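Below: model.tsv (TSV, C-alpha atoms)
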chain	number	residue	atom	x	y	z
A	1	GLY	CA	-49.04	74.18	5.02
A	2	GLY	CA	-46.55	74.31	2.17
A	3	ARG	CA	-46.26	74.20	-1.59
A	4	PHE	CA	-43.50	72.86	-3.82
A	5	SER	CA	-43.36	74.41	-7.30
A	6	HIS	CA	-41.37	73.56	-10.40
A	7	GLU	CA	-41.41	76.05	-13.26
A	8	ARG	CA	-39.78	75.94	-16.65
A	9	ARG	CA	-39.83	78.83	-19.10
A	10	LYS	CA	-38.62	79.11	-22.65
A	11	GLY	CA	-38.47	82.18	-24.88
A	12	VAL	CA	-37.75	82.28	-28.62
A	13	GLY	CA	-37.13	85.56	-30.43
A	14	THR	CA	-34.74	88.19	-31.73
A	15	PHE	CA	-33.73	91.65	-30.68
A	16	ASP	CA	-33.82	94.00	-33.71
A	17	PHE	CA	-32.02	97.30	-33.25
A	18	LEU	CA	-29.23	98.23	-35.65
A	19	GLY	CA	-29.03	94.53	-36.45
A	20	SER	CA	-30.65	91.27	-35.34
A	21	VAL	CA	-29.52	89.35	-32.25
A	22	ASN	CA	-30.86	85.92	-31.28
A	23	THR	CA	-32.49	85.98	-27.84
A	24	ASP	CA	-33.55	82.35	-27.35
A	25	LYS	CA	-33.44	81.45	-23.64
A	26	ALA	CA	-34.74	78.75	-21.30
A	27	LYS	CA	-34.48	78.09	-17.57
A	28	SER	CA	-36.26	76.24	-14.78
A	29	TRP	CA	-36.66	76.82	-11.05
A	30	ASN	CA	-37.78	74.98	-7.93
A	31	ALA	CA	-39.35	76.68	-4.92
A	32	PHE	CA	-40.78	75.60	-1.57
A	33	THR	CA	-43.18	78.13	-0.03
A	34	PRO	CA	-44.42	77.23	3.47
A	35	THR	CA	-47.03	79.01	5.58
A	36	VAL	CA	-47.38	78.81	9.36
A	37	THR	CA	-50.28	80.59	11.10
A	38	LEU	CA	-51.30	80.76	14.75
A	39	ASN	CA	-54.75	82.11	15.72
A	40	TYR	CA	-56.06	82.76	19.23
A	41	GLN	CA	-59.75	83.56	19.74
A	42	ALA	CA	-59.64	85.52	22.99
A	43	ASN	CA	-63.44	85.95	23.00
A	44	ASP	CA	-66.33	86.20	20.56
A	45	ALA	CA	-65.18	89.62	19.35
A	46	THR	CA	-61.37	89.47	19.59
A	47	LEU	CA	-58.92	87.48	17.48
A	48	LEU	CA	-55.13	87.52	17.82
A	49	TYR	CA	-52.97	86.02	15.08
A	50	ALA	CA	-49.39	85.58	13.88
A	51	SER	CA	-48.10	84.21	10.60
A	52	VAL	CA	-44.88	83.36	8.76
A	53	THR	CA	-45.04	82.90	4.99
A	54	ARG	CA	-42.57	82.47	2.19
A	55	GLY	CA	-43.56	83.54	-1.31
A	56	PHE	CA	-41.98	83.88	-4.69
A	57	LYS	CA	-42.60	85.85	-7.86
A	58	SER	CA	-41.93	83.81	-10.98
A	59	GLY	CA	-38.77	84.18	-13.03
A	60	VAL	CA	-39.01	86.12	-16.28
A	61	ILE	CA	-37.80	85.73	-19.86
A	62	ASN	CA	-38.23	88.90	-21.90
A	63	VAL	CA	-38.80	87.62	-25.42
A	64	GLY	CA	-37.07	89.77	-28.02
A	65	SER	CA	-34.79	91.36	-25.41
A	66	ARG	CA	-31.10	91.02	-24.69
A	67	ASN	CA	-32.01	90.84	-21.02
A	68	ASP	CA	-30.50	87.89	-19.17
A	69	VAL	CA	-32.99	85.46	-17.68
A	70	ILE	CA	-34.43	87.03	-14.53
A	71	ASN	CA	-34.51	84.75	-11.51
A	72	PRO	CA	-37.56	84.51	-9.22
A	73	GLU	CA	-38.08	87.04	-6.47
A	74	TYR	CA	-38.38	85.56	-2.96
A	75	VAL	CA	-39.83	87.04	0.21
A	76	TRP	CA	-40.22	85.94	3.81
A	77	SER	CA	-43.22	87.68	5.38
A	78	TYR	CA	-43.91	87.95	9.13
A	79	GLU	CA	-47.12	89.43	10.53
A	80	VAL	CA	-48.88	89.81	13.87
A	81	GLY	CA	-52.30	91.33	14.30
A	82	LEU	CA	-55.46	91.95	16.24
A	83	LYS	CA	-59.10	92.02	15.11
A	84	THR	CA	-61.58	93.21	17.70
A	85	ALA	CA	-65.02	94.78	18.08
A	86	THR	CA	-67.46	95.92	20.73
A	87	ALA	CA	-70.23	93.53	21.74
A	88	ASP	CA	-72.83	95.41	19.64
A	89	ARG	CA	-70.43	95.57	16.64
A	90	LYS	CA	-70.85	99.33	16.39
A	91	LEU	CA	-67.08	99.77	16.70
A	92	GLN	CA	-64.50	97.55	14.99
A	93	ALA	CA	-60.72	97.75	14.84
A	94	ASN	CA	-58.10	95.77	12.94
A	95	LEU	CA	-54.40	96.27	13.70
A	96	ALA	CA	-51.42	94.59	12.07
A	97	ALA	CA	-47.63	94.87	12.08
A	98	PHE	CA	-45.52	93.23	9.38
A	99	TYR	CA	-41.95	92.66	8.23
A	100	MET	CA	-41.00	91.48	4.71
A	101	ASP	CA	-37.51	90.35	3.71
A	102	TYR	CA	-36.87	90.24	-0.07
A	103	THR	CA	-34.06	88.52	-1.97
A	104	ASP	CA	-33.43	88.74	-5.73
A	105	LEU	CA	-35.93	91.60	-5.99
A	106	GLN	CA	-36.92	92.19	-9.64
A	107	VAL	CA	-36.25	95.82	-10.65
A	108	GLY	CA	-36.69	97.43	-14.08
A	109	PHE	CA	-34.78	100.44	-15.46
A	110	VAL	CA	-33.46	101.98	-18.70
A	111	ASP	CA	-29.81	101.00	-19.30
A	112	ALA	CA	-26.98	102.82	-21.09
A	113	SER	CA	-28.05	101.44	-24.48
A	114	SER	CA	-31.59	102.86	-24.08
A	115	VAL	CA	-33.11	99.42	-23.47
A	116	VAL	CA	-35.65	98.78	-20.70
A	117	THR	CA	-33.92	96.15	-18.59
A	118	THR	CA	-34.98	94.11	-15.57
A	119	VAL	CA	-32.45	92.73	-13.07
A	120	ASN	CA	-32.44	91.00	-9.71
A	121	ALA	CA	-31.50	93.53	-7.04
A	122	ALA	CA	-29.57	92.01	-4.14
A	123	SER	CA	-32.10	92.48	-1.33
A	124	ALA	CA	-34.70	94.77	0.21
A	125	ARG	CA	-36.93	94.88	3.25
A	126	ASN	CA	-40.32	96.33	4.17
A	127	TYR	CA	-41.84	96.83	7.55
A	128	GLY	CA	-44.79	98.77	8.81
A	129	VAL	CA	-48.15	98.87	10.51
A	130	GLU	CA	-51.75	98.98	9.31
A	131	ALA	CA	-54.78	100.20	11.24
A	132	GLU	CA	-58.43	100.05	10.21
A	133	PHE	CA	-61.36	101.42	12.21
A	134	LYS	CA	-65.07	101.16	11.44
A	135	ALA	CA	-67.96	102.79	13.32
A	136	ARG	CA	-71.74	102.57	12.97
A	137	PRO	CA	-72.93	105.42	15.22
A	138	LEU	CA	-76.42	105.63	13.63
A	139	PRO	CA	-78.66	103.20	11.79
A	140	GLY	CA	-77.57	103.13	8.14
A	141	LEU	CA	-74.40	105.20	8.71
A	142	THR	CA	-70.93	103.64	8.44
A	143	LEU	CA	-67.68	105.55	9.00
A	144	GLU	CA	-64.30	104.09	8.03
A	145	LEU	CA	-60.71	105.14	8.61
A	146	PHE	CA	-57.71	103.26	7.29
A	147	GLY	CA	-54.02	104.14	7.65
A	148	THR	CA	-50.67	102.56	6.78
A	149	TYR	CA	-47.07	103.30	7.66
A	150	LEU	CA	-44.55	101.63	5.35
A	151	ASN	CA	-40.76	101.67	5.54
A	152	ALA	CA	-39.59	99.99	2.31
A	153	LYS	CA	-35.91	100.29	1.41
A	154	TYR	CA	-33.15	98.57	-0.52
A	155	ARG	CA	-30.59	96.78	1.58
A	156	ARG	CA	-28.08	96.12	-1.19
A	157	PHE	CA	-28.36	97.16	-4.82
A	158	THR	CA	-25.68	98.55	-7.16
A	159	THR	CA	-26.74	99.82	-10.57
A	160	GLY	CA	-25.85	102.37	-13.28
A	161	ASP	CA	-27.02	105.95	-12.62
A	162	TYR	CA	-28.20	107.65	-15.84
A	163	ARG	CA	-27.44	111.07	-14.33
A	164	GLN	CA	-23.77	110.09	-13.93
A	165	GLY	CA	-23.16	108.51	-17.31
A	166	PHE	CA	-24.40	105.15	-15.97
A	167	ARG	CA	-21.61	104.98	-13.41
A	168	GLN	CA	-22.24	102.12	-10.97
A	169	VAL	CA	-23.60	103.45	-7.67
A	170	SER	CA	-25.09	101.91	-4.55
A	171	VAL	CA	-28.73	102.76	-3.80
A	172	ALA	CA	-28.77	100.94	-0.46
A	173	GLY	CA	-31.04	102.84	1.92
A	174	ASN	CA	-33.20	104.34	-0.86
A	175	ARG	CA	-36.95	103.76	-0.88
A	176	LEU	CA	-38.46	101.15	-3.16
A	177	GLN	CA	-40.42	102.33	-6.17
A	178	ASN	CA	-44.13	103.11	-5.70
A	179	ALA	CA	-43.90	102.66	-1.92
A	180	PRO	CA	-45.49	105.60	-0.03
A	181	GLU	CA	-44.36	106.02	3.56
A	182	PHE	CA	-47.87	106.98	4.73
A	183	SER	CA	-51.29	106.45	3.20
A	184	PHE	CA	-54.77	107.11	4.57
A	185	ARG	CA	-58.37	106.59	3.59
A	186	ALA	CA	-61.46	108.09	5.22
A	187	GLY	CA	-64.97	107.24	4.04
A	188	ALA	CA	-68.62	107.60	4.94
A	189	ASP	CA	-71.56	105.50	3.72
A	190	TYR	CA	-75.20	106.33	4.53
A	191	ASP	CA	-78.37	104.42	3.58
A	192	ILE	CA	-81.44	106.68	3.32
A	193	PRO	CA	-84.87	104.96	3.13
A	194	VAL	CA	-87.19	106.31	0.42
A	195	GLY	CA	-90.59	105.26	1.74
A	196	THR	CA	-91.64	101.89	0.33
A	197	ALA	CA	-89.82	102.55	-2.98
A	198	GLY	CA	-86.36	101.52	-1.83
A	199	LYS	CA	-83.29	103.30	-0.54
A	200	VAL	CA	-80.63	105.78	-1.58
A	201	ASN	CA	-77.04	105.10	-0.61
A	202	ALA	CA	-74.83	108.18	-0.33
A	203	ARG	CA	-71.09	107.66	-0.09
A	204	ALA	CA	-67.92	109.72	-0.12
A	205	GLU	CA	-64.24	109.00	0.48
A	206	VAL	CA	-60.88	110.72	0.56
A	207	ASN	CA	-57.71	108.79	-0.29
A	208	TRP	CA	-54.39	110.39	0.61
A	209	GLN	CA	-50.99	109.05	-0.42
A	210	ASP	CA	-47.51	110.19	0.53
A	211	ARG	CA	-44.73	110.87	-1.98
A	212	VAL	CA	-43.57	107.97	-4.13
A	213	PHE	CA	-40.50	107.54	-6.33
A	214	PHE	CA	-40.48	105.75	-9.67
A	215	THR	CA	-36.79	104.83	-9.82
A	216	GLU	CA	-34.37	103.30	-7.37
A	217	PHE	CA	-32.42	106.60	-7.28
A	218	ASN	CA	-35.25	108.48	-5.50
A	219	ASN	CA	-34.61	111.46	-7.75
A	220	ALA	CA	-36.73	114.61	-8.11
A	221	ASP	CA	-37.38	114.11	-11.85
A	222	ALA	CA	-39.14	110.78	-11.32
A	223	THR	CA	-41.54	111.22	-8.41
A	224	GLN	CA	-45.13	111.98	-7.47
A	225	ALA	CA	-45.70	114.41	-4.61
A	226	PRO	CA	-48.30	113.68	-1.90
A	227	TYR	CA	-51.90	113.99	-3.11
A	228	ALA	CA	-55.51	113.35	-2.14
A	229	LEU	CA	-58.30	111.96	-4.32
A	230	ILE	CA	-61.98	112.62	-3.56
A	231	ASN	CA	-64.66	110.20	-4.76
A	232	ALA	CA	-68.42	110.28	-4.16
A	233	GLY	CA	-71.61	108.68	-5.38
A	234	LEU	CA	-75.37	108.18	-5.03
A	235	ARG	CA	-77.08	104.85	-5.67
A	236	PHE	CA	-80.80	104.10	-5.72
A	237	THR	CA	-81.93	100.52	-5.17
A	238	PRO	CA	-85.65	99.55	-5.17
A	239	THR	CA	-87.14	97.39	-2.45
A	240	ASN	CA	-87.11	94.27	-4.65
A	241	ASN	CA	-83.36	94.75	-5.24
A	242	LYS	CA	-83.72	93.74	-8.90
A	243	TRP	CA	-81.91	96.79	-10.33
A	244	TYR	CA	-80.03	99.91	-9.32
A	245	VAL	CA	-78.96	103.28	-10.68
A	246	ASP	CA	-75.61	104.70	-9.58
A	247	ILE	CA	-74.36	108.25	-10.19
A	248	TRP	CA	-70.69	108.64	-9.31
A	249	GLY	CA	-67.72	110.97	-9.48
A	250	ARG	CA	-64.02	110.17	-9.15
A	251	ASN	CA	-61.06	112.49	-8.60
A	252	LEU	CA	-63.54	115.31	-8.03
A	253	ALA	CA	-60.77	117.82	-7.27
A	254	ASN	CA	-59.26	117.06	-10.69
A	255	LYS	CA	-55.78	116.32	-9.35
A	256	LEU	CA	-52.97	115.63	-11.81
A	257	VAL	CA	-51.47	112.36	-10.58
A	258	ILE	CA	-48.48	110.63	-12.17
A	259	THR	CA	-48.80	106.86	-11.84
A	260	ASN	CA	-45.48	105.90	-13.42
A	261	ASN	CA	-42.58	107.49	-15.22
A	262	ILE	CA	-38.99	106.85	-16.25
A	263	ILE	CA	-36.17	109.00	-17.56
A	264	THR	CA	-35.06	107.74	-20.95
A	265	ALA	CA	-31.42	107.13	-21.84
A	266	PRO	CA	-29.23	109.86	-23.41
A	267	LEU	CA	-29.91	108.38	-26.85
A	268	PHE	CA	-33.45	109.76	-26.46
A	269	ASN	CA	-32.35	113.05	-24.81
A	270	SER	CA	-33.16	111.79	-21.28
A	271	VAL	CA	-36.78	112.96	-21.55
A	272	ARG	CA	-39.35	112.10	-18.92
A	273	VAL	CA	-42.03	109.67	-20.12
A	274	GLY	CA	-44.79	107.90	-18.25
A	275	SER	CA	-48.50	107.77	-17.53
A	276	VAL	CA	-51.06	109.67	-15.47
A	277	ALA	CA	-54.25	108.76	-13.62
A	278	PRO	CA	-57.64	109.73	-15.08
A	279	PRO	CA	-58.74	113.35	-14.47
A	280	ARG	CA	-62.08	114.26	-12.90
A	281	THR	CA	-64.51	111.63	-14.14
A	282	VAL	CA	-68.28	111.53	-13.64
A	283	GLY	CA	-70.72	108.92	-14.87
A	284	GLY	CA	-73.71	106.75	-14.26
A	285	THR	CA	-74.23	103.01	-14.02
A	286	PHE	CA	-77.43	101.02	-14.45
A	287	GLY	CA	-77.35	97.44	-13.22
A	288	LEU	CA	-79.64	94.41	-13.16
A	289	ASN	CA	-79.51	91.70	-10.51
A	290	PHE	CA	-80.46	88.19	-11.64
What's the structure tokens form of this structure?
Amino acid sequence: GGRFSHERRKGVGTFDFLGSVNTDKAKSWNAFTPTVTLNYQANDATLLYASVTRGFKSGVINVGSRNDVINPEYVWSYEVGLKTATADRKLQANLAAFYMDYTDLQVGFVDASSVVTTVNAASARNYGVEAEFKARPLPGLTLELFGTYLNAKYRRFTTGDYRQGFRQVSVAGNRLQNAPEFSFRAGADYDIPVGTAGKVNARAEVNWQDRVFFTEFNNADATQAPYALINAGLRFTPTNNKWYVDIWGRNLANKLVITNNIITAPLFNSVRVGSVAPPRTVGGTFGLNF
């Protein structure tokens, strides 16, 4: 299959900072994004597949910003995979390997004039593997394990480094922002019958993520170290399935997790600003099914 897209964007505004600057901009783009997929059903429980896809992320006009118009981001994605299971479906496995080739990657940063700016980096590439396993060793019990390896790096990108007075430097070979090299998830889900009243579902999971960087420079003052989050819950559902009560807890170990941060420009003393994930959170949910 394939899709042809035509987009036109127009922004009207001003940038007000020590004076007013007109920022009216308009631009249009065309894009053709094909998809080719090949599936082979080896047997009732095994599927092999391969795919080639082109995608694009729309161009951007930042209204009220001096930013130039940002062109669309394009990617060619290649993937091969396997989905298989035992005859009784008690064991399932999904495996995939992928390669993604980006051009005109959209990257945001704080420039020398203390303005958050987005530009098109030259190119980047991702490749990796994903594996997912599911087991049902006992009635009502489900075990899951999911893991990913990701190698995501810039191929070509030259930009101003705030630590060097915004001198132009190459960050080719650095990791992309928010791209952990390894990530894992392990979970267990168990349905416990409660006589004729209904059932209780007990669940728990651990999510582990490798270090991520928040800037293209991969610097120590804009990063989140590896961490694990523990979530758990209990849900009661009556036999008629008309309602449920869920008691849950998230981030039970109360980990401090930075989700995003930047280093501001020298005009603002180069301080570190950003956001964090919620701390330990517990709660209850009551739901009705119609």
What's around range 67-79 of chain A at 8 Å? Count all atoms listed in the file, leave out sequence neighbours fewer than 2 positions away in its own chain, and write the answer as a compact mmCIF listing (two decimals) with C-alpha atoms, keeping the file's coordinate frame.
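The resulting selection-v4.txt:
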# COMPACT_ATOMS: atom_id res chain seq x y z
CA LYS A 25 -33.44 81.45 -23.64
CA ALA A 26 -34.74 78.75 -21.30
CA LYS A 27 -34.48 78.09 -17.57
CA TRP A 29 -36.66 76.82 -11.05
CA ALA A 50 -49.39 85.58 13.88
CA SER A 51 -48.10 84.21 10.60
CA VAL A 52 -44.88 83.36 8.76
CA THR A 53 -45.04 82.90 4.99
CA ARG A 54 -42.57 82.47 2.19
CA GLY A 55 -43.56 83.54 -1.31
CA PHE A 56 -41.98 83.88 -4.69
CA LYS A 57 -42.60 85.85 -7.86
CA SER A 58 -41.93 83.81 -10.98
CA GLY A 59 -38.77 84.18 -13.03
CA VAL A 60 -39.01 86.12 -16.28
CA ILE A 61 -37.80 85.73 -19.86
CA ASN A 62 -38.23 88.90 -21.90
CA SER A 65 -34.79 91.36 -25.41
CA GLY A 81 -52.30 91.33 14.30
CA ALA A 96 -51.42 94.59 12.07
CA ALA A 97 -47.63 94.87 12.08
CA PHE A 98 -45.52 93.23 9.38
CA TYR A 99 -41.95 92.66 8.23
CA MET A 100 -41.00 91.48 4.71
CA ASP A 101 -37.51 90.35 3.71
CA TYR A 102 -36.87 90.24 -0.07
CA THR A 103 -34.06 88.52 -1.97
CA ASP A 104 -33.43 88.74 -5.73
CA LEU A 105 -35.93 91.60 -5.99
CA GLN A 106 -36.92 92.19 -9.64
CA THR A 117 -33.92 96.15 -18.59
CA THR A 118 -34.98 94.11 -15.57
CA VAL A 119 -32.45 92.73 -13.07
CA ASN A 120 -32.44 91.00 -9.71
Note to self: Residues within 6 Å of (-33.4, 82.7, -31.7), file coordinates, counting all atoms listed in the file: what are they? Give the list as a PyMOL selection string.
What the structure shows: chain A and resi 12-14+22-24
Take the residues from that selection and write them out as a PDB file, in the coordinates of the input, keeping C-alpha atoms.
ATOM      1  CA  VAL A  12     -37.750  82.280 -28.620  1.00  0.00           C
ATOM      2  CA  GLY A  13     -37.130  85.560 -30.430  1.00  0.00           C
ATOM      3  CA  THR A  14     -34.740  88.190 -31.730  1.00  0.00           C
ATOM      4  CA  ASN A  22     -30.860  85.920 -31.280  1.00  0.00           C
ATOM      5  CA  THR A  23     -32.490  85.980 -27.840  1.00  0.00           C
ATOM      6  CA  ASP A  24     -33.550  82.350 -27.350  1.00  0.00           C
TER       7      ASP A  24
END
Next item on the list: State, in Å with one decimal place, the distance from CA of Ala31 in chain A to CA of Asn126 in chain A.
Entry: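 Between CA of Ala31 in chain A and CA of Asn126 in chain A the gap is 21.7 Å.
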Note to self: Just the number, please: distance in Å from CA of Leu150 in chain A to CA of Leu252 in chain A, one decimal.
What the structure shows: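 Rounded to one decimal, the two atoms are 27.0 Å apart.
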Check: Of the candidates A:Asn254, A:Gln224, A:Thr33, A:Asn43, which shows the shortest atom-to-atom distance to Gln177 in chain A, using all atoms listed in the file?
Finding: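 Result for the nearest residue to Gln177 in chain A: A:Gln224.
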Show me, as JSON, the centre and edge lengths in Å to one decimal of the axis-aligned box that covers every listed atom of range 205-222 of chain A with 4 Å on each side.
{"center_x": -48.3, "center_y": 109.0, "center_z": -5.6, "size_x": 39.8, "size_y": 19.3, "size_z": 20.5}
Excluding same-chain residues fewer than 2 positions from range 179-193 of chain A, what lies within 8 Å of it counting all atoms listed in the file, as a PDB file with C-alpha atoms, in the coordinates of the input?
ATOM      1  CA  GLY A 140     -77.570 103.130   8.140  1.00  0.00           C
ATOM      2  CA  LEU A 141     -74.400 105.200   8.710  1.00  0.00           C
ATOM      3  CA  THR A 142     -70.930 103.640   8.440  1.00  0.00           C
ATOM      4  CA  LEU A 143     -67.680 105.550   9.000  1.00  0.00           C
ATOM      5  CA  GLU A 144     -64.300 104.090   8.030  1.00  0.00           C
ATOM      6  CA  LEU A 145     -60.710 105.140   8.610  1.00  0.00           C
ATOM      7  CA  PHE A 146     -57.710 103.260   7.290  1.00  0.00           C
ATOM      8  CA  GLY A 147     -54.020 104.140   7.650  1.00  0.00           C
ATOM      9  CA  THR A 148     -50.670 102.560   6.780  1.00  0.00           C
ATOM     10  CA  TYR A 149     -47.070 103.300   7.660  1.00  0.00           C
ATOM     11  CA  LEU A 150     -44.550 101.630   5.350  1.00  0.00           C
ATOM     12  CA  ASN A 151     -40.760 101.670   5.540  1.00  0.00           C
ATOM     13  CA  ALA A 152     -39.590  99.990   2.310  1.00  0.00           C
ATOM     14  CA  ARG A 175     -36.950 103.760  -0.880  1.00  0.00           C
ATOM     15  CA  LEU A 176     -38.460 101.150  -3.160  1.00  0.00           C
ATOM     16  CA  GLN A 177     -40.420 102.330  -6.170  1.00  0.00           C
ATOM     17  CA  GLY A 195     -90.590 105.260   1.740  1.00  0.00           C
ATOM     18  CA  THR A 196     -91.640 101.890   0.330  1.00  0.00           C
ATOM     19  CA  GLY A 198     -86.360 101.520  -1.830  1.00  0.00           C
ATOM     20  CA  LYS A 199     -83.290 103.300  -0.540  1.00  0.00           C
ATOM     21  CA  VAL A 200     -80.630 105.780  -1.580  1.00  0.00           C
ATOM     22  CA  ASN A 201     -77.040 105.100  -0.610  1.00  0.00           C
ATOM     23  CA  ALA A 202     -74.830 108.180  -0.330  1.00  0.00           C
ATOM     24  CA  ARG A 203     -71.090 107.660  -0.090  1.00  0.00           C
ATOM     25  CA  ALA A 204     -67.920 109.720  -0.120  1.00  0.00           C
ATOM     26  CA  GLU A 205     -64.240 109.000   0.480  1.00  0.00           C
ATOM     27  CA  VAL A 206     -60.880 110.720   0.560  1.00  0.00           C
ATOM     28  CA  ASN A 207     -57.710 108.790  -0.290  1.00  0.00           C
ATOM     29  CA  TRP A 208     -54.390 110.390   0.610  1.00  0.00           C
ATOM     30  CA  GLN A 209     -50.990 109.050  -0.420  1.00  0.00           C
ATOM     31  CA  ASP A 210     -47.510 110.190   0.530  1.00  0.00           C
ATOM     32  CA  ARG A 211     -44.730 110.870  -1.980  1.00  0.00           C
ATOM     33  CA  VAL A 212     -43.570 107.970  -4.130  1.00  0.00           C
ATOM     34  CA  PHE A 213     -40.500 107.540  -6.330  1.00  0.00           C
TER      35      PHE A 213
END
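Residues lying at most 10 Å from (-29.4, 96.8, -6.1) in file coordinates, with all atoms listed in the file considered, are Asp104, Leu105, Gln106, Val107, Val119, Asn120, Ala121, Ala122, Ser123, Ala124, Tyr154, Arg155, Arg156, Phe157, Thr158, Thr159, Gly160, Val169, Ser170, Val171, Ala172, Asn174 and Glu216 of chain A.
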Notebook entry, point to check: Using all atoms listed in the file, which residue out of A:Asn231, A:Gln41, A:Thr237, A:Thr35 lies closest to Lys255 in chain A?
Noted result: A:Asn231
Note to self: Just checking: using only C-alpha atoms, which residue out of A:Ile247, A:Asn241, A:Val257, A:Val273 ends up closest to Asn289 in chain A?
What the structure shows: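 Among the listed residues, the smallest separation from Asn289 in chain A belongs to A:Asn241.
What separates CA of Glu130 in chain A from CA of Phe214 in chain A is a distance of 23.1 Å.
Among the candidates A:Leu229, A:Val194, A:Ala277, A:Ala85, the residue lying nearest to Ala135 in chain A is A:Ala85 (atoms considered: only C-alpha atoms).
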